[in-house]
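The file model28.pdb comes next; it holds PDB, C-alpha atoms.
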ATOM      1  CA  MET A   9      52.700  94.118 153.342
ATOM      2  CA  GLN A  10      50.918  92.962 150.201
ATOM      3  CA  LEU A  11      53.104  90.931 147.850
ATOM      4  CA  VAL A  12      51.779  90.079 144.390
ATOM      5  CA  LEU A  13      53.741  87.389 142.580
ATOM      6  CA  ILE A  14      53.472  87.344 138.790
ATOM      7  CA  SER A  15      54.589  84.182 137.049
ATOM      8  CA  GLY A  16      53.750  82.199 133.942
ATOM      9  CA  LEU A  17      54.974  81.165 130.540
ATOM     10  CA  SER A  18      57.221  83.367 128.452
ATOM     11  CA  GLY A  19      55.100  85.342 126.020
ATOM     12  CA  SER A  20      51.937  85.086 128.128
ATOM     13  CA  GLY A  21      51.803  88.773 129.113
ATOM     14  CA  LYS A  22      53.732  89.064 132.383
ATOM     15  CA  SER A  23      55.250  92.414 131.395
ATOM     16  CA  ILE A  24      51.772  93.835 130.758
ATOM     17  CA  ALA A  25      50.586  92.615 134.173
ATOM     18  CA  LEU A  26      53.624  94.041 135.959
ATOM     19  CA  ASN A  27      53.172  97.418 134.231
ATOM     20  CA  VAL A  28      49.579  97.578 135.479
ATOM     21  CA  LEU A  29      50.773  96.969 139.026
ATOM     22  CA  GLU A  30      53.486  99.600 138.677
ATOM     23  CA  ASP A  31      50.862 102.108 137.511
ATOM     24  CA  ALA A  32      48.876 101.206 140.637
ATOM     25  CA  SER A  33      51.827 102.321 142.818
ATOM     26  CA  TYR A  34      53.227  98.877 143.566
ATOM     27  CA  PHE A  35      56.993  98.612 144.048
ATOM     28  CA  CYS A  36      57.827  96.308 141.121
ATOM     29  CA  VAL A  37      60.749  93.973 140.508
ATOM     30  CA  ASP A  38      61.075  92.022 137.267
ATOM     31  CA  ASN A  39      62.974  88.805 136.594
ATOM     32  CA  LEU A  40      63.909  88.173 140.219
ATOM     33  CA  PRO A  41      65.697  84.860 140.901
ATOM     34  CA  ALA A  42      63.357  82.818 143.094
ATOM     35  CA  ALA A  43      66.033  82.272 145.738
ATOM     36  CA  LEU A  44      66.118  86.019 146.448
ATOM     37  CA  LEU A  45      62.385  86.447 147.075
ATOM     38  CA  SER A  46      62.452  85.983 150.855
ATOM     39  CA  GLY A  47      65.399  88.328 151.265
ATOM     40  CA  LEU A  48      63.800  90.981 149.071
ATOM     41  CA  ALA A  49      60.483  90.753 150.910
ATOM     42  CA  GLY A  50      62.188  91.106 154.285
ATOM     43  CA  HIS A  51      64.217  94.100 153.119
ATOM     44  CA  LEU A  52      61.225  95.906 151.609
ATOM     45  CA  LEU A  53      59.156  95.180 154.706
ATOM     46  CA  ARG A  54      61.808  96.839 156.879
ATOM     47  CA  GLU A  55      61.903  99.767 154.441
ATOM     48  CA  GLY A  56      58.182 100.297 154.944
ATOM     49  CA  GLN A  57      56.970  99.217 151.506
ATOM     50  CA  GLU A  58      53.310  98.245 151.741
ATOM     51  CA  ARG A  59      52.596  97.029 148.208
ATOM     52  CA  VAL A  60      55.124  95.007 146.230
ATOM     53  CA  ALA A  61      54.882  93.105 142.943
ATOM     54  CA  VAL A  62      57.507  90.640 141.753
ATOM     55  CA  ALA A  63      57.759  88.808 138.429
ATOM     56  CA  ILE A  64      59.480  85.436 138.641
ATOM     57  CA  ASP A  65      59.839  83.001 135.768
ATOM     58  CA  MET A  66      62.325  80.657 134.130
ATOM     59  CA  ARG A  67      64.662  83.523 133.245
ATOM     60  CA  GLY A  68      65.702  83.414 136.899
ATOM     61  CA  GLY A  69      66.910  79.819 136.661
ATOM     62  CA  SER A  70      65.721  76.430 137.876
ATOM     63  CA  GLY A  71      65.494  77.633 141.496
ATOM     64  CA  ILE A  72      61.895  78.520 140.786
ATOM     65  CA  THR A  73      60.986  74.982 141.895
ATOM     66  CA  ALA A  74      61.700  76.068 145.488
ATOM     67  CA  LEU A  75      59.178  78.903 145.278
ATOM     68  CA  PRO A  76      56.119  77.211 146.903
ATOM     69  CA  PRO A  77      57.875  76.632 150.282
ATOM     70  CA  GLN A  78      59.099  80.237 150.244
ATOM     71  CA  LEU A  79      55.576  81.523 149.732
ATOM     72  CA  LYS A  80      54.348  79.499 152.698
ATOM     73  CA  GLN A  81      57.119  80.958 154.849
ATOM     74  CA  LEU A  82      56.268  84.500 153.747
ATOM     75  CA  ALA A  83      52.609  83.930 154.589
ATOM     76  CA  ALA A  84      53.672  82.607 158.014
ATOM     77  CA  ASN A  85      55.552  85.887 158.504
ATOM     78  CA  ARG A  86      52.262  87.774 157.974
ATOM     79  CA  ILE A  87      53.018  88.926 154.468
ATOM     80  CA  ASP A  88      49.858  88.874 152.363
ATOM     81  CA  VAL A  89      50.989  86.888 149.319
ATOM     82  CA  ARG A  90      48.798  86.711 146.208
ATOM     83  CA  CYS A  91      49.825  84.898 143.030
ATOM     84  CA  VAL A  92      48.840  85.399 139.401
ATOM     85  CA  PHE A  93      49.854  82.765 136.857
ATOM     86  CA  LEU A  94      49.580  83.717 133.184
ATOM     87  CA  ASP A  95      49.123  80.909 130.691
ATOM     88  CA  ALA A  96      48.452  80.532 126.966
ATOM     89  CA  ARG A  97      48.068  77.797 124.386
ATOM     90  CA  ASP A  98      51.253  76.491 122.772
ATOM     91  CA  ASP A  99      50.193  77.477 119.262
ATOM     92  CA  VAL A 100      49.438  81.024 120.420
ATOM     93  CA  LEU A 101      52.824  81.327 122.158
ATOM     94  CA  ILE A 102      54.597  80.080 119.036
ATOM     95  CA  GLN A 103      52.744  82.660 116.958
ATOM     96  CA  ARG A 104      53.640  85.462 119.372
ATOM     97  CA  PHE A 105      57.341  84.595 119.347
ATOM     98  CA  SER A 106      57.279  84.305 115.560
ATOM     99  CA  GLU A 107      55.616  87.700 115.156
ATOM    100  CA  THR A 108      57.916  89.526 117.577
ATOM    101  CA  ARG A 109      61.015  87.551 116.483
ATOM    102  CA  ARG A 110      62.097  87.360 120.097
ATOM    103  CA  ARG A 111      64.101  84.430 121.404
ATOM    104  CA  HIS A 112      62.520  82.138 123.963
ATOM    105  CA  PRO A 113      64.647  82.146 127.161
ATOM    106  CA  LEU A 114      65.042  78.346 127.046
ATOM    107  CA  ALA A 115      65.694  78.090 123.322
ATOM    108  CA  THR A 116      69.126  76.814 122.293
ATOM    109  CA  GLY A 117      70.735  75.908 119.022
ATOM    110  CA  ASP A 118      69.541  72.296 119.189
ATOM    111  CA  LYS A 119      66.075  72.970 120.662
ATOM    112  CA  THR A 120      63.021  74.087 118.718
ATOM    113  CA  LEU A 121      60.659  76.792 119.968
ATOM    114  CA  ALA A 122      57.938  74.196 120.591
ATOM    115  CA  GLU A 123      60.372  72.087 122.642
ATOM    116  CA  ALA A 124      61.435  75.134 124.683
ATOM    117  CA  ILE A 125      57.799  75.981 125.463
ATOM    118  CA  ALA A 126      57.094  72.377 126.486
ATOM    119  CA  GLU A 127      60.111  72.369 128.793
ATOM    120  CA  GLU A 128      59.075  75.643 130.405
ATOM    121  CA  ARG A 129      55.476  74.450 130.857
ATOM    122  CA  ALA A 130      56.676  71.307 132.640
ATOM    123  CA  ALA A 131      59.043  73.291 134.883
ATOM    124  CA  LEU A 132      56.287  75.719 135.913
ATOM    125  CA  ALA A 133      53.582  73.078 136.452
ATOM    126  CA  THR A 134      53.867  73.272 140.249
ATOM    127  CA  LEU A 135      53.150  77.026 140.201
ATOM    128  CA  GLN A 136      49.881  76.919 138.266
ATOM    129  CA  GLY A 137      47.769  76.135 141.302
ATOM    130  CA  LEU A 138      49.299  78.713 143.649
ATOM    131  CA  GLY A 139      46.844  81.479 142.850
ATOM    132  CA  HIS A 140      44.722  83.059 140.148
ATOM    133  CA  ARG A 141      45.361  81.578 136.711
ATOM    134  CA  ILE A 142      44.589  83.669 133.618
ATOM    135  CA  ASP A 143      44.483  82.210 130.117
ATOM    136  CA  THR A 144      45.718  84.995 127.817
ATOM    137  CA  SER A 145      45.476  82.997 124.581
ATOM    138  CA  TYR A 146      42.717  85.125 123.075
ATOM    139  CA  LEU A 147      43.022  88.252 125.201
ATOM    140  CA  ARG A 148      43.978  91.595 123.778
ATOM    141  CA  PRO A 149      46.385  93.654 125.915
ATOM    142  CA  ASN A 150      43.602  95.969 127.142
ATOM    143  CA  ALA A 151      41.514  92.989 128.266
ATOM    144  CA  LEU A 152      44.452  91.575 130.220
ATOM    145  CA  ARG A 153      45.081  94.975 131.800
ATOM    146  CA  SER A 154      41.439  95.095 132.882
ATOM    147  CA  MET A 155      41.635  91.643 134.455
ATOM    148  CA  VAL A 156      44.782  92.530 136.389
ATOM    149  CA  LYS A 157      43.083  95.735 137.601
ATOM    150  CA  ASP A 158      40.182  93.605 138.857
ATOM    151  CA  PHE A 159      42.689  91.444 140.708
ATOM    152  CA  ILE A 160      44.289  94.512 142.303
ATOM    153  CA  ALA A 161      40.904  95.857 143.392
ATOM    154  CA  LEU A 162      40.238  92.635 145.275
ATOM    155  CA  GLN A 163      43.452  92.999 147.284
ATOM    156  CA  ASP A 164      41.828  95.645 149.485
ATOM    157  CA  GLU A 165      38.777  93.522 150.245
ATOM    158  CA  ALA A 166      38.365  90.844 152.861
ATOM    159  CA  HIS A 167      39.833  87.434 152.192
ATOM    160  CA  GLY A 168      37.535  84.857 150.691
ATOM    161  CA  LEU A 169      36.721  83.051 147.501
ATOM    162  CA  THR A 170      36.252  84.957 144.253
ATOM    163  CA  LEU A 171      33.713  83.324 141.974
ATOM    164  CA  LEU A 172      34.574  84.112 138.365
ATOM    165  CA  PHE A 173      32.043  83.439 135.591
ATOM    166  CA  GLN A 174      33.659  83.327 132.151
ATOM    167  CA  SER A 175      31.911  82.912 128.806
ATOM    168  CA  PHE A 176      33.799  81.409 125.868
ATOM    169  CA  GLY A 177      33.358  79.847 122.435
ATOM    170  CA  PHE A 178      34.214  76.186 121.939
ATOM    171  CA  LYS A 179      35.418  76.957 118.420
ATOM    172  CA  HIS A 180      38.391  78.722 120.015
ATOM    173  CA  GLY A 181      39.120  75.927 122.483
ATOM    174  CA  LEU A 182      38.563  75.405 126.193
ATOM    175  CA  PRO A 183      39.909  78.136 128.516
ATOM    176  CA  LEU A 184      43.006  76.903 130.324
ATOM    177  CA  ASP A 185      42.034  78.652 133.556
ATOM    178  CA  ALA A 186      38.602  77.001 133.983
ATOM    179  CA  ASP A 187      37.853  74.976 137.123
ATOM    180  CA  LEU A 188      34.311  74.020 136.071
ATOM    181  CA  VAL A 189      32.995  73.954 132.487
ATOM    182  CA  PHE A 190      29.337  73.945 131.444
ATOM    183  CA  ASP A 191      28.449  73.323 127.803
ATOM    184  CA  VAL A 192      25.323  75.216 126.668
ATOM    185  CA  ARG A 193      25.634  74.435 122.939
ATOM    186  CA  CYS A 194      22.603  72.124 123.115
ATOM    187  CA  LEU A 195      20.279  75.100 123.690
ATOM    188  CA  PRO A 196      18.480  77.192 121.029
ATOM    189  CA  ASN A 197      20.989  79.421 119.254
ATOM    190  CA  PRO A 198      20.187  83.102 118.541
ATOM    191  CA  HIS A 199      22.870  83.024 115.849
ATOM    192  CA  TYR A 200      20.387  81.530 113.389
ATOM    193  CA  ASP A 201      18.108  84.572 113.637
ATOM    194  CA  PRO A 202      19.579  87.201 111.248
ATOM    195  CA  ALA A 203      18.309  90.003 113.479
ATOM    196  CA  LEU A 204      20.044  88.566 116.565
ATOM    197  CA  ARG A 205      23.253  87.362 114.925
ATOM    198  CA  PRO A 206      25.254  90.617 115.290
ATOM    199  CA  LEU A 207      24.126  91.100 118.904
ATOM    200  CA  THR A 208      25.429  89.549 122.129
ATOM    201  CA  GLY A 209      23.966  87.944 125.221
ATOM    202  CA  ARG A 210      23.953  91.358 126.888
ATOM    203  CA  ASP A 211      21.536  92.871 124.360
ATOM    204  CA  ASP A 212      17.831  93.076 125.189
ATOM    205  CA  ALA A 213      16.645  91.224 122.086
ATOM    206  CA  VAL A 214      18.897  88.231 122.758
ATOM    207  CA  ILE A 215      17.974  88.261 126.445
ATOM    208  CA  GLU A 216      14.288  88.183 125.551
ATOM    209  CA  PHE A 217      14.843  85.325 123.080
ATOM    210  CA  LEU A 218      16.720  83.162 125.601
ATOM    211  CA  GLU A 219      14.441  83.873 128.540
ATOM    212  CA  THR A 220      11.432  82.593 126.616
ATOM    213  CA  GLN A 221      13.083  79.189 126.047
ATOM    214  CA  PRO A 222      12.002  76.639 128.738
ATOM    215  CA  GLU A 223      15.138  74.499 128.338
ATOM    216  CA  VAL A 224      17.341  77.563 128.834
ATOM    217  CA  GLN A 225      15.598  78.355 132.107
ATOM    218  CA  LYS A 226      15.901  74.745 133.236
ATOM    219  CA  MET A 227      19.643  74.594 132.549
ATOM    220  CA  LEU A 228      20.160  77.921 134.329
ATOM    221  CA  ALA A 229      18.325  76.558 137.383
ATOM    222  CA  ASP A 230      20.332  73.320 137.263
ATOM    223  CA  ILE A 231      23.678  75.140 137.141
ATOM    224  CA  GLN A 232      22.618  77.514 139.917
ATOM    225  CA  ARG A 233      21.606  74.576 142.090
ATOM    226  CA  PHE A 234      24.875  72.706 141.420
ATOM    227  CA  LEU A 235      27.021  75.715 142.306
ATOM    228  CA  ASP A 236      24.851  76.543 145.307
ATOM    229  CA  ASP A 237      25.287  73.004 146.641
ATOM    230  CA  TRP A 238      29.042  72.766 146.106
ATOM    231  CA  LEU A 239      30.282  76.321 146.656
ATOM    232  CA  PRO A 240      30.633  75.792 150.439
ATOM    233  CA  SER A 241      32.983  72.870 149.757
ATOM    234  CA  TYR A 242      35.206  74.997 147.531
ATOM    235  CA  ILE A 243      35.244  77.716 150.189
ATOM    236  CA  ARG A 244      36.258  75.182 152.860
ATOM    237  CA  ASP A 245      39.072  74.084 150.547
ATOM    238  CA  ASN A 246      40.603  77.564 151.103
ATOM    239  CA  ARG A 247      40.525  78.451 147.420
ATOM    240  CA  SER A 248      41.070  82.049 146.402
ATOM    241  CA  TYR A 249      39.403  81.707 142.999
ATOM    242  CA  LEU A 250      36.854  79.401 141.381
ATOM    243  CA  THR A 251      36.508  79.949 137.629
ATOM    244  CA  VAL A 252      33.225  78.720 136.143
ATOM    245  CA  ALA A 253      33.350  78.662 132.344
ATOM    246  CA  LEU A 254      30.172  78.718 130.253
ATOM    247  CA  GLY A 255      30.685  77.704 126.648
ATOM    248  CA  CYS A 256      28.626  77.951 123.480
ATOM    249  CA  THR A 257      29.756  77.693 119.863
ATOM    250  CA  GLY A 258      31.054  81.223 119.299
ATOM    251  CA  GLY A 259      31.008  82.679 122.815
ATOM    252  CA  GLN A 260      28.755  85.565 121.827
ATOM    253  CA  HIS A 261      25.145  84.797 122.744
ATOM    254  CA  ARG A 262      24.183  81.887 125.021
ATOM    255  CA  SER A 263      27.362  81.654 127.082
ATOM    256  CA  VAL A 264      27.399  85.430 127.641
ATOM    257  CA  TRP A 265      23.786  85.378 128.829
ATOM    258  CA  PHE A 266      24.484  82.505 131.236
ATOM    259  CA  ALA A 267      27.597  84.165 132.675
ATOM    260  CA  GLU A 268      25.733  87.428 133.254
ATOM    261  CA  ARG A 269      22.709  85.735 134.817
ATOM    262  CA  LEU A 270      24.763  83.530 137.132
ATOM    263  CA  ALA A 271      26.943  86.457 138.192
ATOM    264  CA  ALA A 272      23.870  88.572 138.964
ATOM    265  CA  TRP A 273      22.279  85.752 140.971
ATOM    266  CA  PHE A 274      25.349  85.118 143.122
ATOM    267  CA  ARG A 275      25.938  88.840 143.669
ATOM    268  CA  GLY A 276      22.490  88.840 145.231
ATOM    269  CA  GLN A 277      23.532  86.107 147.687
ATOM    270  CA  PRO A 278      26.000  87.837 150.068
ATOM    271  CA  GLU A 279      25.612  85.026 152.582
ATOM    272  CA  LYS A 280      27.507  82.759 150.137
ATOM    273  CA  ARG A 281      30.710  84.585 151.172
ATOM    274  CA  ALA A 282      31.969  84.801 147.585
ATOM    275  CA  ARG A 283      32.969  87.847 145.582
ATOM    276  CA  VAL A 284      31.792  87.736 141.976
ATOM    277  CA  LEU A 285      33.502  88.680 138.719
ATOM    278  CA  VAL A 286      32.356  88.125 135.136
ATOM    279  CA  ARG A 287      34.394  87.969 131.931
ATOM    280  CA  HIS A 288      33.532  87.346 128.296
ATOM    281  CA  ARG A 289      36.459  85.915 126.382
ATOM    282  CA  ALA A 290      34.992  86.384 122.893
ATOM    283  CA  LEU A 291      33.870  89.939 123.655
ATOM    284  CA  ALA A 292      37.055  91.114 125.397
ATOM    285  CA  GLU A 293      38.542  94.290 123.966
TER     286      GLU A 293
END
Encoded form (structure tokens):
Amino acid sequence: MQLVLISGLSGSGKSIALNVLEDASYFCVDNLPAALLSGLAGHLLREGQERVAVAIDMRGGSGITALPPQLKQLAANRIDVRCVFLDARDDVLIQRFSETRRRHPLATGDKTLAEAIAEERAALATLQGLGHRIDTSYLRPNALRSMVKDFIALQDEAHGLTLLFQSFGFKHGLPLDADLVFDVRCLPNPHYDPALRPLTGRDDAVIEFLETQPEVQKMLADIQRFLDDWLPSYIRDNRSYLTVALGCTGGQHRSVWFAERLAAWFRGQPEKRARVLVRHRALAE
């Protein structure tokens, strides 16, 4: 049985993720108390359910702290457990709650929204490293749906590390889900060419501009060599995902080009035993 666990901060998009899984024919359960996970998994396994998705968060109570040992026990019982943790910046979460006028599940009469978010973040800290972490701060709903669909598609493939290349703009802040960050702001910027400014790093004119810059080629080779040298160590560490973030000022030109080029290079290296995904935070629709 495949069991996908959805967790994360309130307001980070867990309902969207669970709806995508339900549309993909997963048996879905929302707001399950963590203490009931093992019992539910055993029951559904006996009922013949092959694909199950469960959302667990602080609405189910403080028992969520006992979740990591339960997941280990489920894996020992040959249940294929995959975890997705949705995160977002505090200021973005505050804005979302303010816009929707919904009450945070930990908010009380003597606790501010910011204090409730901080308390929830601290309580969920142990869950962040259990699986694939997605920063939804600047993602539109359709972009998040697409990322969850990518995650589902990988469930049917062989186990191994997924190497995710993500472009972003520093002016919007560092992505919370990045494992490695490379700063390419020191390189020539197509933004200052009026003809290239409205384009992206996937357009031919920008590609031609960047590929003629010697320092761009040198940095690309340096990053490729670093990842090539250290990827085996991350694979031996039994990681499911390694997110490599490439950042420029706006996340539109240089970082996009680097993410695309690195993804293409590693896709052409099947012996690396890593599946490859690419995302562009500033371009996400």
Task: Selected residue, from A:Ala203, A:Leu152, A:Leu235, A:Leu169, that lies nearest to Arg289 (chain A) when counting only C-alpha atoms - done: A:Leu152
- [ ] List the residues matched by the PyMOL selection byres ((chain A and resi 17-19) around 7) in the displayed structure as number ranges by chain, ordered by chain and then by residue number.
- [x] A: 16, 20-21, 94-95, 101, 104, 128-129
List the residues selected by the PyMOL selection byres ((chain A and resi 282) around 7) in the file shown, writing them as a PDB file with C-alpha atoms, keeping the file's coordinate frame.
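Listed below is the output, selection-v6.pdb:
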ATOM      1  CA  GLY A 168      37.535  84.857 150.691  1.00  0.00           C
ATOM      2  CA  LEU A 169      36.721  83.051 147.501  1.00  0.00           C
ATOM      3  CA  THR A 170      36.252  84.957 144.253  1.00  0.00           C
ATOM      4  CA  LEU A 171      33.713  83.324 141.974  1.00  0.00           C
ATOM      5  CA  LYS A 280      27.507  82.759 150.137  1.00  0.00           C
ATOM      6  CA  ARG A 281      30.710  84.585 151.172  1.00  0.00           C
ATOM      7  CA  ARG A 283      32.969  87.847 145.582  1.00  0.00           C
ATOM      8  CA  VAL A 284      31.792  87.736 141.976  1.00  0.00           C
TER       9      VAL A 284
END
TODO: Just say which residues the PyMOL selection byres ((chain A and resi 183) around 12) picks in this file, as an NGL selection string.
DONE: :A and (95-97 or 141-147 or 173-182 or 184-190 or 251-255 or 259 or 287-290)
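Picture a line from CA of Pro196 (chain A) to CA of Trp273 (chain A); it runs 22.0 Å.
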Do a neighbour search on Val224 (chain A) at 12 Å with only C-alpha atoms, toss out local chain neighbours closer than 3 positions, and write the hits as a tab-separated table (two decimals) with C-alpha atoms, in the coordinates of the input.
chain	number	residue	atom	x	y	z
A	191	ASP	CA	28.45	73.32	127.80
A	192	VAL	CA	25.32	75.22	126.67
A	193	ARG	CA	25.63	74.44	122.94
A	194	CYS	CA	22.60	72.12	123.12
A	195	LEU	CA	20.28	75.10	123.69
A	196	PRO	CA	18.48	77.19	121.03
A	197	ASN	CA	20.99	79.42	119.25
A	215	ILE	CA	17.97	88.26	126.44
A	216	GLU	CA	14.29	88.18	125.55
A	217	PHE	CA	14.84	85.32	123.08
A	218	LEU	CA	16.72	83.16	125.60
A	219	GLU	CA	14.44	83.87	128.54
A	220	THR	CA	11.43	82.59	126.62
A	221	GLN	CA	13.08	79.19	126.05
A	227	MET	CA	19.64	74.59	132.55
A	228	LEU	CA	20.16	77.92	134.33
A	229	ALA	CA	18.32	76.56	137.38
A	230	ASP	CA	20.33	73.32	137.26
A	231	ILE	CA	23.68	75.14	137.14
A	262	ARG	CA	24.18	81.89	125.02
A	263	SER	CA	27.36	81.65	127.08
A	265	TRP	CA	23.79	85.38	128.83
A	266	PHE	CA	24.48	82.50	131.24
A	269	ARG	CA	22.71	85.74	134.82
N, CA and C atoms for region 242-263 of chain A, written as a short mmCIF file (atom, residue, chain, number, x, y, z; two decimals), in the coordinates of the input, could you do that?
data_model
loop_
_atom_site.label_atom_id
_atom_site.label_comp_id
_atom_site.auth_asym_id
_atom_site.auth_seq_id
_atom_site.Cartn_x
_atom_site.Cartn_y
_atom_site.Cartn_z
N TYR A 242 34.06 74.30 148.11
CA TYR A 242 35.21 75.00 147.53
C TYR A 242 35.72 76.07 148.49
N ILE A 243 34.82 76.72 149.21
CA ILE A 243 35.24 77.72 150.19
C ILE A 243 36.02 77.06 151.32
N ARG A 244 35.55 75.90 151.79
CA ARG A 244 36.26 75.18 152.86
C ARG A 244 37.63 74.69 152.40
N ASP A 245 37.79 74.53 151.10
CA ASP A 245 39.07 74.08 150.55
C ASP A 245 40.09 75.22 150.49
N ASN A 246 39.72 76.39 151.02
CA ASN A 246 40.60 77.56 151.10
C ASN A 246 41.06 78.05 149.73
N ARG A 247 40.20 77.92 148.74
CA ARG A 247 40.52 78.45 147.42
C ARG A 247 40.38 79.97 147.41
N SER A 248 41.20 80.61 146.60
CA SER A 248 41.07 82.05 146.40
C SER A 248 40.16 82.35 145.23
N TYR A 249 40.20 81.50 144.20
CA TYR A 249 39.40 81.71 143.00
C TYR A 249 38.74 80.41 142.57
N LEU A 250 37.53 80.50 142.05
CA LEU A 250 36.85 79.40 141.38
C LEU A 250 36.34 79.95 140.06
N THR A 251 36.89 79.46 138.95
CA THR A 251 36.51 79.95 137.63
C THR A 251 35.51 78.99 137.01
N VAL A 252 34.31 79.50 136.75
CA VAL A 252 33.22 78.72 136.14
C VAL A 252 33.09 79.19 134.70
N ALA A 253 33.38 78.30 133.76
CA ALA A 253 33.35 78.66 132.34
C ALA A 253 32.06 78.16 131.71
N LEU A 254 31.40 79.04 130.97
CA LEU A 254 30.17 78.72 130.25
C LEU A 254 30.48 78.82 128.77
N GLY A 255 30.30 77.70 128.04
CA GLY A 255 30.68 77.70 126.65
C GLY A 255 29.55 77.44 125.68
N CYS A 256 29.50 78.24 124.61
CA CYS A 256 28.63 77.95 123.48
C CYS A 256 29.52 77.89 122.24
N THR A 257 28.94 77.89 121.06
CA THR A 257 29.76 77.69 119.86
C THR A 257 30.73 78.84 119.64
N GLY A 258 30.20 80.08 119.59
CA GLY A 258 31.05 81.22 119.30
C GLY A 258 31.39 82.09 120.48
N GLY A 259 30.73 81.87 121.63
CA GLY A 259 31.01 82.68 122.82
C GLY A 259 30.40 84.06 122.78
N GLN A 260 29.32 84.23 122.01
CA GLN A 260 28.76 85.56 121.83
C GLN A 260 27.36 85.72 122.41
N HIS A 261 26.55 84.67 122.35
CA HIS A 261 25.14 84.80 122.74
C HIS A 261 24.83 84.03 124.02
N ARG A 262 24.67 82.70 123.90
CA ARG A 262 24.18 81.89 125.02
C ARG A 262 25.13 81.90 126.21
N SER A 263 26.41 81.70 125.97
CA SER A 263 27.36 81.65 127.08
C SER A 263 27.45 83.00 127.80
#
